[in-house]
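S.K.: This is the structure I have questions about; it appears just below.
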Amino acid sequence: MADFYGTPEVVTDLREDGVLIMRINRPEKRNAINAVTSAAMEEIMNKAEKDNRVRVIIVTGTGEKAFCAGEDLSELSSGGECMTVTDHGFGGLTDRLCPKPVICAVNGVAAGGGMEIAVSCDIVVAAEHARFGLTEPKVGLIASTGGLVRMARDVPRKAAMEMLLTARLVYAAEAKEIGFVNYVVPAEEVMDKALELATTIAKNAPLSLKFTKQIVHAASQMSEEDAMRYCDAAYRFIEKTEDGIEGPAAFVEKRTPNWQGK
């Protein structure tokens, strides 16, 4: 493993298989994010998007008590302004359509902005004891960096409304039942499961993953006819790329493909 532009607040490990682990490292603050931490996450994600060595990203937190308790409210500006929203949202993630798959390994409580980060990721693996909640109404705020929007789109209306209006925390099993968690596993297996998924994904063609993500996100905002046209146009483009030629050739020759990401 190798450090990837990590900081004391955001520890990173880039594995040889292309899996980048980004760990929020403020356990004494329940991994709550302040301006310095958010800026570091933004910078790491910006560099990861452009670095061909990075194939899949796992976001997690230090310890077992909390994945991320949201914004560090003790560090609001003197006027009460949020200091943690970067060019790509809270923690550099909530307003980002990353071209690479992002997995959230939720090792404990994901509250407020912590849950907003989790639901902005492509796949969520949660420890059995993990809890989720958009708790902003308890402190007179709202989940403004994607949480409300994604819950409205991804979760049945009544379930979303109950959770949002009560601002309560739900355990991982209920979160999976509602539909915004993929896997619930014992605490000691969270990273193992996240890495299992990441290594499987990393074997696939980078361009294929990029276009798959783009199409899935765009399709919900298009008519079915327009989405089908977009998908077809993407296919016509990708089949002529180096990876689009390499993949079928490797399959026929029964060898591992050598992806170039172009």
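Following the order of the structure tokens, chains are lettered A, B, ..., residues in each are numbered from 1, and ligands are numbered from 1.
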So that I can check the secondary structure, give me every residue of region 29-221 of chain A assigned helix (DSSP H, G or I) by backbone DSSP, as an NGL selection string.

M.R.: :A and (29 or 35-50 or 73-75 or 113-120 or 136-139 or 147-154 or 157-166 or 172-178 or 187-202 or 206-219)

S.K.: Check which residues of region 17-116 of chain A sit at most 10 Å from region 161-174 of chain A using only C-alpha atoms, and return one row each with the closest pair of atoms and their distance in Å to one decimal, ordered by chain and rising number, as a Markdown table.

M.R.:
```
| residue | atom | partner | partner_atom | distance |
| --- | --- | --- | --- | --- |
| A:Val106 | CA | A:Ala172 | CA | 9.2 |
| A:Gly108 | CA | A:Ala172 | CA | 9.5 |
| A:Val109 | CA | A:Leu169 | CA | 8.5 |
| A:Ala110 | CA | A:Leu169 | CA | 8.7 |
| A:Ala111 | CA | A:Leu169 | CA | 7.6 |
| A:Gly112 | CA | A:Ala167 | CA | 9.2 |
```

S.K.: For Glu177 (chain A), which of A:Ala118, A:Pro156, A:Ile123, A:Leu134 is the closest residue, counting only C-alpha atoms?

M.R.: A:Pro156

S.K.: Residues near region 63-75 of chain A, anyone? I mean within 10 Å using only C-alpha atoms, not counting same-chain ones fewer than 2 positions away, as a PyMOL selection string.

M.R.: chain A and resi 23-35+38+59-61+77-78+80-85+90-91+104-118+126-127+129-136+139+187-188

S.K.: For a quick check of understanding, using only C-alpha atoms, which of A:Glu246, A:Cys121, A:Ile44, A:Lys254 has the smallest distance to Asn204 (chain A)?

M.R.: A:Glu246

S.K.: Based on DSSP run over this structure's backbone, return all residues of region 51-232 of chain A in strand (DSSP E or B), as a ChimeraX atom specification.

M.R.: /A:56-61,66-68,71,85-86,89-90,102-106,109-111,123-127,131-133,170-171,183-185

S.K.: Would you pick out the contacts of Pro186 (chain A) at 7 Å or less, using only C-alpha atoms, so that residues sharing its chain but fewer than 3 positions from it are not included, and give the list as a ChimeraX atom specification?

M.R.: /A:127-128,189-190

S.K.: For the selection just defined, write its residues with all heavy atoms to a file, as a short mmCIF file (atom, residue, chain, number, x, y, z; two decimals), in the first residue's frame.

M.R.:
```
data_model
loop_
_atom_site.label_atom_id
_atom_site.label_comp_id
_atom_site.auth_asym_id
_atom_site.auth_seq_id
_atom_site.Cartn_x
_atom_site.Cartn_y
_atom_site.Cartn_z
N ALA A 127 -21.78 -1.78 8.82
CA ALA A 127 -21.68 -2.66 9.98
C ALA A 127 -23.05 -2.81 10.61
O ALA A 127 -23.89 -1.91 10.53
CB ALA A 127 -20.70 -2.08 10.99
N GLU A 128 -23.29 -3.95 11.24
CA GLU A 128 -24.59 -4.21 11.85
C GLU A 128 -24.98 -3.13 12.85
O GLU A 128 -26.16 -2.80 12.99
CB GLU A 128 -24.57 -5.58 12.54
CG GLU A 128 -24.50 -6.75 11.57
CD GLU A 128 -24.28 -8.07 12.28
OE1 GLU A 128 -23.68 -8.07 13.39
OE2 GLU A 128 -24.68 -9.11 11.73
N GLU A 189 -16.20 -7.28 9.53
CA GLU A 189 -16.20 -7.68 8.12
C GLU A 189 -16.50 -6.54 7.15
O GLU A 189 -16.57 -6.76 5.94
CB GLU A 189 -17.22 -8.81 7.91
CG GLU A 189 -16.91 -10.08 8.69
CD GLU A 189 -17.98 -11.15 8.52
OE1 GLU A 189 -18.78 -11.05 7.56
OE2 GLU A 189 -18.02 -12.08 9.34
N VAL A 190 -16.67 -5.34 7.68
CA VAL A 190 -17.06 -4.22 6.81
C VAL A 190 -16.04 -3.96 5.71
O VAL A 190 -16.37 -3.90 4.52
CB VAL A 190 -17.29 -2.94 7.63
CG1 VAL A 190 -17.49 -1.73 6.72
CG2 VAL A 190 -18.51 -3.09 8.52
#
```

S.K.: Give me the residues near Pro101 (chain A) as a list in words, where near means some atom within 7 Å (using only C-alpha atoms) and where sequence neighbours in that chain fewer than 6 positions away do not count.

M.R.: Val56, Ile57 and Asp122 of chain A

S.K.: Find the residue from A:Val119, A:Leu209, A:Ile21, A:Ile201 that sits nearest to Gly179 (chain A); use only C-alpha atoms when measuring.

M.R.: A:Val119
